[in-house]
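So this block is work_12.pdb, PDB, C-alpha atoms:
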ATOM      1  CA  MET C 225     133.352  11.814 103.202
ATOM      2  CA  ALA C 226     131.287  14.091 105.386
ATOM      3  CA  MET C 227     132.698  17.491 106.296
ATOM      4  CA  ILE C 228     131.686  18.492 109.819
ATOM      5  CA  LYS C 229     132.257  21.899 111.335
ATOM      6  CA  PHE C 230     131.343  23.388 114.679
ATOM      7  CA  PHE C 231     130.810  27.114 115.036
ATOM      8  CA  SER C 232     131.695  29.157 118.094
ATOM      9  CA  PRO C 233     128.373  30.403 119.501
ATOM     10  CA  GLU C 234     129.577  33.893 120.352
ATOM     11  CA  PRO C 235     126.903  36.606 120.294
ATOM     12  CA  GLY C 236     126.829  38.472 117.003
ATOM     13  CA  LEU C 237     128.997  35.985 115.104
ATOM     14  CA  GLY C 238     126.449  33.316 114.247
ATOM     15  CA  ASN C 239     123.901  33.256 111.455
ATOM     16  CA  SER C 240     120.193  33.329 112.079
ATOM     17  CA  SER C 241     118.204  30.730 110.194
ATOM     18  CA  SER C 242     116.792  33.438 107.891
ATOM     19  CA  LYS C 243     120.309  34.337 106.741
ATOM     20  CA  ILE C 244     121.395  30.790 105.985
ATOM     21  CA  THR C 245     118.974  30.182 103.130
ATOM     22  CA  SER C 246     116.133  31.902 101.406
ATOM     23  CA  ASP C 247     113.716  28.994 101.142
ATOM     24  CA  LEU C 248     113.323  27.617 104.655
ATOM     25  CA  VAL C 249     110.177  25.658 105.346
ATOM     26  CA  TYR C 250     109.325  24.953 108.975
ATOM     27  CA  LEU C 251     107.836  21.552 109.597
ATOM     28  CA  THR C 252     105.014  21.501 112.101
ATOM     29  CA  ASN C 253     102.011  19.317 111.344
ATOM     30  CA  ASP C 254     102.483  19.698 107.606
ATOM     31  CA  PHE C 255     104.957  21.289 105.225
ATOM     32  CA  GLN C 256     105.525  22.383 101.643
ATOM     33  CA  ILE C 257     108.624  22.094  99.476
ATOM     34  CA  ALA C 258     110.059  24.352  96.797
ATOM     35  CA  GLY C 259     111.420  22.658  93.671
ATOM     36  CA  GLY C 260     115.022  21.795  92.813
ATOM     37  CA  GLN C 261     117.306  21.203  95.792
ATOM     38  CA  PRO C 262     115.303  22.625  98.687
ATOM     39  CA  THR C 263     116.394  23.351 102.191
ATOM     40  CA  ILE C 264     113.961  22.123 104.820
ATOM     41  CA  ALA C 265     113.934  23.199 108.439
ATOM     42  CA  PHE C 266     111.859  22.398 111.450
ATOM     43  CA  GLU C 267     111.756  23.905 114.883
ATOM     44  CA  GLY C 268     112.876  21.804 117.808
ATOM     45  CA  GLU C 269     112.667  22.528 121.504
ATOM     46  CA  SER C 270     114.515  25.314 123.298
ATOM     47  CA  GLY C 271     115.345  27.360 120.213
ATOM     48  CA  ARG C 272     116.811  24.493 118.184
ATOM     49  CA  ASP C 273     116.348  24.620 114.404
ATOM     50  CA  TYR C 274     117.290  21.599 112.267
ATOM     51  CA  ILE C 275     118.021  22.424 108.635
ATOM     52  CA  PHE C 276     118.345  19.880 105.809
ATOM     53  CA  THR C 277     119.406  20.161 102.169
ATOM     54  CA  ILE C 278     118.026  17.377  99.957
ATOM     55  CA  ARG C 279     118.742  16.380  96.329
ATOM     56  CA  ASN C 280     116.095  14.817  94.062
ATOM     57  CA  ILE C 281     113.403  14.977  96.694
ATOM     58  CA  SER C 282     110.276  12.873  96.322
ATOM     59  CA  ILE C 283     107.130  13.576  98.340
ATOM     60  CA  ASN C 284     103.968  11.578  98.821
ATOM     61  CA  VAL C 285     100.834  13.607  99.573
ATOM     62  CA  GLU C 286      97.911  11.596 100.896
ATOM     63  CA  ALA C 287      94.847  12.734 102.841
ATOM     64  CA  GLY C 288      96.339  16.170 103.257
ATOM     65  CA  ALA C 289      99.587  14.867 104.773
ATOM     66  CA  ALA C 290     102.953  15.185 103.018
ATOM     67  CA  THR C 291     105.669  12.581 103.572
ATOM     68  CA  ILE C 292     109.205  12.522 102.201
ATOM     69  CA  VAL C 293     109.692   9.148 100.515
ATOM     70  CA  GLY C 294     112.786   9.745  98.399
ATOM     71  CA  GLY C 295     115.805  11.928  97.884
ATOM     72  CA  ARG C 296     119.297  12.120  99.294
ATOM     73  CA  LEU C 297     120.314  14.306 102.199
ATOM     74  CA  SER C 298     123.411  16.331 101.244
ATOM     75  CA  ALA C 299     123.748  18.728 104.199
ATOM     76  CA  PHE C 300     122.567  19.205 107.759
ATOM     77  CA  THR C 301     122.834  22.242 110.051
ATOM     78  CA  LEU C 302     121.891  22.759 113.684
ATOM     79  CA  VAL C 303     120.966  26.294 114.765
ATOM     80  CA  LEU C 304     120.658  27.163 118.463
ATOM     81  CA  ASP C 305     118.852  30.384 119.330
ATOM     82  CA  GLY C 306     119.569  31.776 115.866
ATOM     83  CA  LEU C 307     123.289  30.871 115.927
ATOM     84  CA  THR C 308     124.784  28.185 113.686
ATOM     85  CA  THR C 309     126.593  25.743 115.981
ATOM     86  CA  PHE C 310     127.058  22.625 113.881
ATOM     87  CA  SER C 311     127.033  21.738 110.208
ATOM     88  CA  VAL C 312     127.665  18.645 108.124
ATOM     89  CA  THR C 313     128.121  18.811 104.350
ATOM     90  CA  ASP C 314     129.067  16.376 101.568
ATOM     91  CA  LEU C 315     126.563  13.827 102.825
ATOM     92  CA  ASN C 316     124.754  11.234 100.729
ATOM     93  CA  LEU C 317     122.113   9.760 103.028
ATOM     94  CA  PRO C 318     118.501   8.624 102.540
ATOM     95  CA  ALA C 319     116.463  11.719 103.310
ATOM     96  CA  ALA C 320     113.353   9.895 104.494
ATOM     97  CA  THR C 321     115.283   7.851 107.068
ATOM     98  CA  PHE C 322     117.193  10.821 108.394
ATOM     99  CA  ILE C 323     114.259  13.221 108.710
ATOM    100  CA  SER C 324     112.105  10.519 110.282
ATOM    101  CA  ALA C 325     114.781   9.985 112.933
ATOM    102  CA  ALA C 326     115.107  13.736 113.475
ATOM    103  CA  LEU C 327     111.373  14.221 113.951
ATOM    104  CA  ALA C 328     111.318  11.300 116.389
ATOM    105  CA  ASN C 329     114.350  12.746 118.234
ATOM    106  CA  ASP C 330     116.134   9.420 117.699
ATOM    107  CA  GLN C 331     119.601  10.626 118.647
ATOM    108  CA  ASN C 332     121.379   7.280 118.191
ATOM    109  CA  THR C 333     120.132   6.821 114.622
ATOM    110  CA  LEU C 334     120.958  10.426 113.744
ATOM    111  CA  ARG C 335     124.528  10.110 114.979
ATOM    112  CA  GLU C 336     125.097   6.817 113.201
ATOM    113  CA  LEU C 337     123.771   8.215 109.924
ATOM    114  CA  LEU C 338     125.788  11.426 110.117
ATOM    115  CA  PHE C 339     129.096   9.919 111.180
ATOM    116  CA  GLN C 340     129.188   6.478 109.583
ATOM    117  CA  GLY C 341     131.702   7.438 106.895
ATOM    118  CA  ALA C 342     135.225   8.813 106.797
ATOM    119  CA  ASP C 343     134.476  12.143 108.433
ATOM    120  CA  ARG C 344     136.459  15.309 109.002
ATOM    121  CA  MET C 345     135.322  17.081 112.146
ATOM    122  CA  THR C 346     136.617  20.345 113.603
ATOM    123  CA  GLY C 347     135.776  21.721 117.028
ATOM    124  CA  THR C 348     135.530  25.268 118.351
ATOM    125  CA  VAL C 349     137.421  27.397 120.858
ATOM    126  CA  ASN C 350     135.055  25.991 123.490
ATOM    127  CA  ASP C 351     135.046  22.638 125.305
ATOM    128  CA  ASP C 352     133.901  20.212 122.587
ATOM    129  CA  PHE C 353     132.899  16.549 122.503
ATOM    130  CA  LEU C 354     133.786  14.948 119.150
ATOM    131  CA  PHE C 355     132.881  11.327 118.346
ATOM    132  CA  GLY C 356     133.803   9.767 115.024
ATOM    133  CA  TYR C 357     131.718   6.574 114.948
ATOM    134  CA  ALA C 358     132.513   4.246 112.036
ATOM    135  CA  GLY C 359     134.948   5.126 109.273
ATOM    136  CA  ASP C 360     138.483   6.464 109.063
ATOM    137  CA  ASP C 361     137.888   9.841 110.649
ATOM    138  CA  THR C 362     139.947  12.976 111.210
ATOM    139  CA  LEU C 363     138.821  14.787 114.362
ATOM    140  CA  LYS C 364     140.376  18.093 115.388
ATOM    141  CA  GLY C 365     139.924  20.025 118.584
ATOM    142  CA  SER C 366     140.798  23.674 118.685
ATOM    143  CA  GLY C 367     140.737  25.640 121.907
ATOM    144  CA  GLY C 368     139.120  24.519 125.114
ATOM    145  CA  VAL C 369     139.268  21.239 126.977
ATOM    146  CA  ASP C 370     138.080  18.767 124.360
ATOM    147  CA  THR C 371     136.995  15.125 124.558
ATOM    148  CA  ILE C 372     137.702  13.312 121.289
ATOM    149  CA  TRP C 373     136.738   9.701 120.558
ATOM    150  CA  GLY C 374     137.642   8.072 117.258
ATOM    151  CA  ASP C 375     135.535   4.901 117.685
ATOM    152  CA  ALA C 376     135.759   2.317 114.872
ATOM    153  CA  GLY C 377     138.164   2.836 111.986
ATOM    154  CA  ASN C 378     141.719   4.044 111.550
ATOM    155  CA  ASP C 379     141.351   7.552 112.906
ATOM    156  CA  HIS C 380     143.519  10.671 113.218
ATOM    157  CA  LEU C 381     142.799  12.685 116.367
ATOM    158  CA  PHE C 382     144.222  16.128 117.125
ATOM    159  CA  GLY C 383     143.709  17.822 120.481
ATOM    160  CA  GLY C 384     144.903  21.317 119.597
ATOM    161  CA  ASN C 385     145.241  23.738 122.498
ATOM    162  CA  GLY C 386     143.991  22.855 125.952
ATOM    163  CA  ALA C 387     144.139  19.836 128.274
ATOM    164  CA  ASP C 388     142.334  17.373 126.015
ATOM    165  CA  MET C 389     141.328  13.712 126.263
ATOM    166  CA  LEU C 390     141.825  11.647 123.092
ATOM    167  CA  ALA C 391     140.862   7.987 122.690
ATOM    168  CA  GLY C 392     141.199   5.978 119.506
ATOM    169  CA  ASP C 393     138.352   3.547 120.093
ATOM    170  CA  SER C 394     135.160   3.685 122.108
ATOM    171  CA  ALA C 395     134.632   2.161 125.534
ATOM    172  CA  SER C 396     131.836  -0.088 124.292
ATOM    173  CA  GLY C 397     133.833  -3.151 123.294
ATOM    174  CA  ALA C 398     136.406  -4.661 120.943
ATOM    175  CA  LEU C 399     136.509  -2.995 117.557
ATOM    176  CA  GLY C 400     139.220  -4.989 115.843
ATOM    177  CA  ASP C 401     142.782  -4.242 114.849
ATOM    178  CA  THR C 402     142.399  -0.529 114.177
ATOM    179  CA  ARG C 403     145.435   1.704 113.927
ATOM    180  CA  ASP C 404     144.693   5.168 115.220
ATOM    181  CA  GLN C 405     147.048   8.128 115.427
ATOM    182  CA  LEU C 406     146.611  10.514 118.352
ATOM    183  CA  PHE C 407     148.257  13.953 118.565
ATOM    184  CA  GLY C 408     147.767  15.835 121.824
ATOM    185  CA  GLY C 409     149.079  19.242 120.760
ATOM    186  CA  ASP C 410     149.600  21.896 123.433
ATOM    187  CA  GLY C 411     148.471  21.351 126.998
ATOM    188  CA  ALA C 412     148.476  18.496 129.514
ATOM    189  CA  ASP C 413     146.658  15.920 127.407
ATOM    190  CA  ARG C 414     145.488  12.371 128.104
ATOM    191  CA  LEU C 415     145.991  10.017 125.161
ATOM    192  CA  VAL C 416     144.139   6.750 125.669
ATOM    193  CA  SER C 417     144.984   3.560 123.792
ATOM    194  CA  ASN C 418     142.852   0.441 124.034
ATOM    195  CA  PHE C 419     141.944  -1.768 121.071
ATOM    196  CA  GLY C 420     144.047  -1.798 117.941
ATOM    197  CA  ARG C 421     147.615  -0.644 117.586
ATOM    198  CA  ASP C 422     147.785   3.086 118.114
ATOM    199  CA  THR C 423     150.541   5.643 117.700
ATOM    200  CA  LEU C 424     150.544   8.389 120.332
ATOM    201  CA  THR C 425     152.260  11.779 120.156
ATOM    202  CA  GLY C 426     151.732  14.009 123.171
ATOM    203  CA  GLY C 427     153.194  17.276 121.892
ATOM    204  CA  ALA C 428     153.932  20.143 124.264
ATOM    205  CA  GLY C 429     152.872  19.914 127.900
ATOM    206  CA  ALA C 430     152.880  17.255 130.618
ATOM    207  CA  ASP C 431     150.940  14.457 128.911
ATOM    208  CA  THR C 432     149.654  11.115 130.163
ATOM    209  CA  PHE C 433     149.663   8.095 127.851
ATOM    210  CA  VAL C 434     147.001   5.748 129.184
ATOM    211  CA  TYR C 435     146.807   2.029 128.480
ATOM    212  CA  TYR C 436     143.125   1.170 128.935
ATOM    213  CA  ASP C 437     142.903  -2.591 129.402
ATOM    214  CA  TYR C 438     139.611  -4.452 128.968
ATOM    215  CA  GLY C 439     141.091  -7.818 129.900
ATOM    216  CA  SER C 440     140.910  -9.230 126.371
ATOM    217  CA  ALA C 441     142.171  -8.596 122.838
ATOM    218  CA  ARG C 442     145.292  -6.960 124.235
ATOM    219  CA  THR C 443     147.522  -5.139 121.781
ATOM    220  CA  SER C 444     150.581  -2.942 122.087
ATOM    221  CA  HIS C 445     150.931   0.711 121.140
ATOM    222  CA  ARG C 446     153.675   3.171 120.261
ATOM    223  CA  ILE C 447     154.617   6.438 121.986
ATOM    224  CA  THR C 448     156.725   8.784 119.882
ATOM    225  CA  ASP C 449     157.729  11.562 122.297
ATOM    226  CA  PHE C 450     157.708  10.455 125.949
ATOM    227  CA  ASN C 451     159.552  12.903 128.203
ATOM    228  CA  ALA C 452     160.626  11.229 131.461
ATOM    229  CA  ASP C 453     159.946  13.220 134.661
ATOM    230  CA  VAL C 454     157.403  15.331 132.695
ATOM    231  CA  ASP C 455     155.014  12.911 130.991
ATOM    232  CA  LYS C 456     153.347   9.891 132.594
ATOM    233  CA  ILE C 457     152.361   6.377 131.610
ATOM    234  CA  GLY C 458     148.831   5.720 132.881
ATOM    235  CA  LEU C 459     147.349   2.288 133.572
ATOM    236  CA  TYR C 460     143.594   1.846 133.800
ATOM    237  CA  GLY C 461     141.266  -1.144 133.868
ATOM    238  CA  SER C 462     140.504  -4.195 135.973
ATOM    239  CA  THR C 463     143.812  -5.855 135.080
ATOM    240  CA  PHE C 464     145.751  -3.164 136.936
ATOM    241  CA  GLN C 465     143.552  -2.774 140.015
ATOM    242  CA  ALA C 466     145.682  -5.197 142.041
ATOM    243  CA  LEU C 467     148.682  -2.891 141.655
ATOM    244  CA  GLY C 468     147.362  -0.528 144.301
ATOM    245  CA  PRO C 469     145.392   2.697 144.720
ATOM    246  CA  ASP C 470     145.296   5.535 142.211
ATOM    247  CA  GLY C 471     148.495   7.527 141.926
ATOM    248  CA  VAL C 472     152.168   6.716 141.332
ATOM    249  CA  ILE C 473     152.923   2.988 141.504
ATOM    250  CA  ASP C 474     154.999   1.411 144.261
ATOM    251  CA  ALA C 475     158.637   1.321 143.193
ATOM    252  CA  GLU C 476     158.804  -2.380 144.117
ATOM    253  CA  LEU C 477     156.501  -3.166 141.193
ATOM    254  CA  PHE C 478     158.881  -1.751 138.593
ATOM    255  CA  ARG C 479     161.898  -3.507 137.156
ATOM    256  CA  ARG C 480     164.463  -2.673 134.492
ATOM    257  CA  GLY C 481     165.354  -5.585 132.252
ATOM    258  CA  THR C 482     163.696  -8.115 129.984
ATOM    259  CA  SER C 483     161.828 -10.254 132.520
ATOM    260  CA  ALA C 484     160.739 -10.459 136.149
ATOM    261  CA  THR C 485     163.160 -11.798 138.751
ATOM    262  CA  GLU C 486     160.907 -11.459 141.815
ATOM    263  CA  ALA C 487     157.279 -12.221 142.597
ATOM    264  CA  ASP C 488     156.285  -8.542 142.837
ATOM    265  CA  ASP C 489     157.858  -7.461 139.539
ATOM    266  CA  ARG C 490     154.839  -6.318 137.541
ATOM    267  CA  LEU C 491     156.058  -3.648 135.116
ATOM    268  CA  ILE C 492     159.142  -4.596 133.156
ATOM    269  CA  TYR C 493     160.960  -1.939 131.158
ATOM    270  CA  ASP C 494     163.606  -2.948 128.638
ATOM    271  CA  ARG C 495     165.345   0.339 127.928
ATOM    272  CA  ALA C 496     167.457  -1.177 125.171
ATOM    273  CA  THR C 497     164.325  -1.619 123.058
ATOM    274  CA  GLY C 498     162.010   0.935 124.710
ATOM    275  CA  ARG C 499     159.508  -1.824 125.510
ATOM    276  CA  LEU C 500     157.271  -1.662 128.580
ATOM    277  CA  TYR C 501     155.607  -4.923 129.640
ATOM    278  CA  PHE C 502     153.049  -5.943 132.233
ATOM    279  CA  ASP C 503     153.558  -9.205 134.130
ATOM    280  CA  ALA C 504     150.526 -10.303 136.145
ATOM    281  CA  ASP C 505     152.419 -12.632 138.489
ATOM    282  CA  GLY C 506     156.114 -11.742 138.364
ATOM    283  CA  VAL C 507     158.126 -14.968 138.248
ATOM    284  CA  GLY C 508     154.950 -17.100 138.022
ATOM    285  CA  GLY C 509     153.725 -18.945 135.002
ATOM    286  CA  VAL C 510     151.619 -16.200 133.391
ATOM    287  CA  ALA C 511     153.396 -14.676 130.385
ATOM    288  CA  LYS C 512     154.015 -10.931 130.335
ATOM    289  CA  PHE C 513     152.427  -8.852 127.575
ATOM    290  CA  LEU C 514     153.666  -5.746 125.802
ATOM    291  CA  LEU C 515     152.031  -2.420 126.622
ATOM    292  CA  TYR C 516     154.084   0.184 124.791
ATOM    293  CA  VAL C 517     157.061   0.625 122.554
ATOM    294  CA  ILE C 518     158.489   4.009 123.564
ATOM    295  CA  GLU C 519     160.633   5.695 120.954
ATOM    296  CA  ALA C 520     164.012   7.209 121.872
ATOM    297  CA  ASN C 521     164.270   4.734 124.791
ATOM    298  CA  PRO C 522     163.733   7.264 127.622
ATOM    299  CA  ASP C 523     165.011   6.805 131.177
ATOM    300  CA  LEU C 524     161.664   5.494 132.415
ATOM    301  CA  ARG C 525     161.276   4.956 136.172
ATOM    302  CA  ALA C 526     158.552   3.920 138.602
ATOM    303  CA  ASN C 527     157.565   7.517 139.343
ATOM    304  CA  ASP C 528     156.682   7.970 135.658
ATOM    305  CA  ILE C 529     153.851   5.404 135.912
ATOM    306  CA  VAL C 530     150.478   6.156 137.513
ATOM    307  CA  LEU C 531     147.213   4.313 138.145
ATOM    308  CA  GLY C 532     143.750   5.796 137.700
ATOM    309  CA  SER C 533     140.994   6.706 135.298
ATOM    310  CA  PRO C 534     141.733   9.088 132.416
ATOM    311  CA  PHE C 535     138.062  10.091 132.105
TER
END

If you took the structure in this file and wrote it as structure tokens, what would it be?
Amino acid sequence: MAMIKFFSPEPGLGNSSSKITSDLVYLTNDFQIAGGQPTIAFEGESGRDYIFTIRNISINVEAGAATIVGGRLSAFTLVLDGLTTFSVTDLNLPAATFISAALANDQNTLRELLFQGADRMTGTVNDDFLFGYAGDDTLKGSGGVDTIWGDAGNDHLFGGNGADMLAGDSASGALGDTRDQLFGGDGADRLVSNFGRDTLTGGAGADTFVYYDYGSARTSHRITDFNADVDKIGLYGSTFQALGPDGVIDAELFRRGTSATEADDRLIYDRATGRLYFDADGVGGVAKFLLYVIEANPDLRANDIVLGSPF
């Protein structure tokens, strides 16, 4: 499990690279390594320093060039203009692969290597972007307006303070029957459910619970604390475009009960069970499908449902 921490880059509070470790080696055209468990650093562009801690390092020296061929990366730190902004510890990754990707500025490979496990990531008081990638991750915002994506795995997402956007899975495609738990915290948050079967808790503030439909692999989700006339149900995706323009839905599209009785009944709310359905053709032959089970069976009405992108 990787432990990821972001640091608030406030002047005077960060650590310069010389304070982080005593045996930094800057990689330019060549480099040298101290014995034991060395820390290696190289200078990137615009004041970026990348710092690595490696166990059991193995180096091949040939024709005056040194290449890392073995060892396991146990920690990684990013320093911007002398201030520590990001660190990952408790890693166990192939050092040669990681450093090769870093030197080549291969951002996709770096992210996949760093975040492929069950990670714990914590943001700062600023506006953060946290992305879990594979694994059962725990991602926590703090202050600021954060964007938090769980991606694959059964993730736990916490918005913290601020008007945050939380989404259990990525927007890149079906990821299977994952079961994410999203907690908005304080602020007017947007909690987005798509693939899997997610549980959403908005917390304090006027929150929007968004069903993001890709048109396939539809699943239902659970909302634990919907507050009618304060919170909103959001609908987004091609399936819902025919319902009208962005904003509150037309009242004619909403019906209380267990099934449609008219051609324009599209959103069916069974208050007895707290179940909200979508029916693509009202009384036609297309079966309705379940969007949300809403705990405490709130007095949901048409003006609690909106159309539009959460992003």

Give me the box for range 402-405 of chain C as AutoDock Vina command-line options, namely the centre and edge lengths in Å to one decimal of a box along x, y and z that holds every listed atom plus 8 Å on each side.
--center_x 144.7 --center_y 3.8 --center_z 114.7 --size_x 20.6 --size_y 24.7 --size_z 17.5

Exercise. How would you write, as a PyMOL selection string, the residues chosen by the PyMOL selection byres ((chain C and resi 470) around 9) on this structure?
Worked result: chain C and resi 465+468-469+471-473+530-533

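One distance worth recording is that between CA of Leu307 in chain C and CA of Ala358 in chain C, which is 28.4 Å.
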
For this session: Find, counting only C-alpha atoms, the residue in C:Asp489, C:Asp360, C:Asp388, C:Asp370 that gets nearest to Gln405 in chain C.
Result: C:Asp360

Exercise. Can you list what the PyMOL selection byres ((chain C and resi 415) around 10) grabs from this structure, as number ranges by chain?
Worked result: C: 372, 381, 383, 388-392, 405-408, 412-414, 416-417, 423-426, 431-435, 447, 457-458, 534

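Residue membership of the PyMOL selection byres ((chain C and resi 386) around 6) in the shown file amounts to Gly367, Gly368, Val369, Asn385, Ala387, Asp388 and Gly411 of chain C.
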
Dump of C-alpha atoms for the selected residues, as a PDB file, keeping the file's coordinate frame:
ATOM      1  CA  GLY C 367     140.737  25.640 121.907  1.00  0.00           C
ATOM      2  CA  GLY C 368     139.120  24.519 125.114  1.00  0.00           C
ATOM      3  CA  VAL C 369     139.268  21.239 126.977  1.00  0.00           C
ATOM      4  CA  ASN C 385     145.241  23.738 122.498  1.00  0.00           C
ATOM      5  CA  ALA C 387     144.139  19.836 128.274  1.00  0.00           C
ATOM      6  CA  ASP C 388     142.334  17.373 126.015  1.00  0.00           C
ATOM      7  CA  GLY C 411     148.471  21.351 126.998  1.00  0.00           C
TER       8      GLY C 411
END

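From CA of Ser462 in chain C back to CA of Glu486 in chain C, the distance works out to 22.4 Å.
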
For this session: Work out how far CA of Asp330 in chain C is from CA of Arg279 in chain C, in Å to one decimal.
Result: 22.6 Å

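In terms of minimum interatomic distance to Gly429 in chain C, C:Asn451 ranks closest within C:Thr497, C:Asn451, C:Thr333, C:Asn378, counting all atoms listed in the file.
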
For this session: Please write as a PyMOL selection string the list of polymer residues whose atoms come within 8 Å of (109.9, 5.9, 99.2), counting only C-alpha atoms and keeping to the coordinates of the file.
Result: chain C and resi 282+292-294+320

Keeping only C-alpha atoms, write those residues as a short mmCIF file (atom, residue, chain, number, x, y, z; two decimals), keeping the file's coordinate frame.
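Result file is out_17.cif:
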data_model
loop_
_atom_site.label_atom_id
_atom_site.label_comp_id
_atom_site.auth_asym_id
_atom_site.auth_seq_id
_atom_site.Cartn_x
_atom_site.Cartn_y
_atom_site.Cartn_z
CA SER C 282 110.28 12.87 96.32
CA ILE C 292 109.20 12.52 102.20
CA VAL C 293 109.69 9.15 100.52
CA GLY C 294 112.79 9.74 98.40
CA ALA C 320 113.35 9.90 104.49
#

With N, CA, C and O atoms as the atom set, please write range 493-509 of chain C from the structure just given, as a JSON list (two decimals), in the first residue's frame.
[["chain", "number", "residue", "atom", "x", "y", "z"],
["C", 493, "TYR", "N", -40.60, 7.79, -9.39],
["C", 493, "TYR", "CA", -40.11, 7.72, -8.02],
["C", 493, "TYR", "C", -41.12, 6.99, -7.15],
["C", 493, "TYR", "O", -42.26, 7.43, -6.98],
["C", 494, "ASP", "N", -40.69, 5.86, -6.59],
["C", 494, "ASP", "CA", -41.50, 5.08, -5.67],
["C", 494, "ASP", "C", -41.08, 5.45, -4.26],
["C", 494, "ASP", "O", -40.09, 4.93, -3.73],
["C", 495, "ARG", "N", -41.82, 6.35, -3.65],
["C", 495, "ARG", "CA", -41.41, 6.84, -2.32],
["C", 495, "ARG", "C", -41.45, 5.74, -1.27],
["C", 495, "ARG", "O", -40.68, 5.77, -0.30],
["C", 496, "ALA", "N", -42.32, 4.77, -1.45],
["C", 496, "ALA", "CA", -42.43, 3.70, -0.46],
["C", 496, "ALA", "C", -41.12, 2.94, -0.31],
["C", 496, "ALA", "O", -40.79, 2.45, 0.79],
["C", 497, "THR", "N", -40.36, 2.85, -1.37],
["C", 497, "THR", "CA", -39.09, 2.12, -1.33],
["C", 497, "THR", "C", -37.88, 3.03, -1.51],
["C", 497, "THR", "O", -36.74, 2.57, -1.39],
["C", 498, "GLY", "N", -38.11, 4.32, -1.83],
["C", 498, "GLY", "CA", -37.02, 5.25, -2.08],
["C", 498, "GLY", "C", -36.31, 5.00, -3.40],
["C", 498, "GLY", "O", -35.17, 5.44, -3.59],
["C", 499, "ARG", "N", -36.98, 4.35, -4.33],
["C", 499, "ARG", "CA", -36.34, 3.98, -5.61],
["C", 499, "ARG", "C", -36.70, 4.97, -6.71],
["C", 499, "ARG", "O", -37.88, 5.25, -6.94],
["C", 500, "LEU", "N", -35.67, 5.45, -7.40],
["C", 500, "LEU", "CA", -35.84, 6.36, -8.52],
["C", 500, "LEU", "C", -35.43, 5.63, -9.80],
["C", 500, "LEU", "O", -34.30, 5.16, -9.91],
["C", 501, "TYR", "N", -36.37, 5.57, -10.76],
["C", 501, "TYR", "CA", -36.14, 4.86, -12.01],
["C", 501, "TYR", "C", -36.12, 5.84, -13.19],
["C", 501, "TYR", "O", -36.68, 6.94, -13.12],
["C", 502, "PHE", "N", -35.50, 5.38, -14.27],
["C", 502, "PHE", "CA", -35.60, 6.09, -15.55],
["C", 502, "PHE", "C", -36.31, 5.18, -16.54],
["C", 502, "PHE", "O", -35.98, 4.00, -16.67],
["C", 503, "ASP", "N", -37.30, 5.75, -17.25],
["C", 503, "ASP", "CA", -38.05, 5.03, -18.26],
["C", 503, "ASP", "C", -37.89, 5.77, -19.58],
["C", 503, "ASP", "O", -38.33, 6.91, -19.73],
["C", 504, "ALA", "N", -37.24, 5.14, -20.55],
["C", 504, "ALA", "CA", -36.89, 5.83, -21.79],
["C", 504, "ALA", "C", -38.08, 6.16, -22.66],
["C", 504, "ALA", "O", -38.02, 7.09, -23.47],
["C", 505, "ASP", "N", -39.19, 5.41, -22.52],
["C", 505, "ASP", "CA", -40.33, 5.65, -23.40],
["C", 505, "ASP", "C", -41.68, 5.63, -22.69],
["C", 505, "ASP", "O", -42.72, 5.38, -23.31],
["C", 506, "GLY", "N", -41.69, 5.92, -21.40],
["C", 506, "GLY", "CA", -42.97, 5.97, -20.68],
["C", 506, "GLY", "C", -43.70, 4.65, -20.73],
["C", 506, "GLY", "O", -43.19, 3.62, -20.27],
["C", 507, "VAL", "N", -44.90, 4.66, -21.32],
["C", 507, "VAL", "CA", -45.72, 3.45, -21.37],
["C", 507, "VAL", "C", -45.35, 2.54, -22.54],
["C", 507, "VAL", "O", -46.05, 1.57, -22.84],
["C", 508, "GLY", "N", -44.25, 2.80, -23.22],
["C", 508, "GLY", "CA", -43.80, 1.96, -24.34],
["C", 508, "GLY", "C", -43.24, 0.64, -23.86],
["C", 508, "GLY", "O", -43.36, 0.27, -22.69],
["C", 509, "GLY", "N", -42.56, -0.03, -24.75],
["C", 509, "GLY", "CA", -42.11, -1.38, -24.44],
["C", 509, "GLY", "C", -40.73, -1.47, -23.82],
["C", 509, "GLY", "O", -40.29, -2.57, -23.44]]
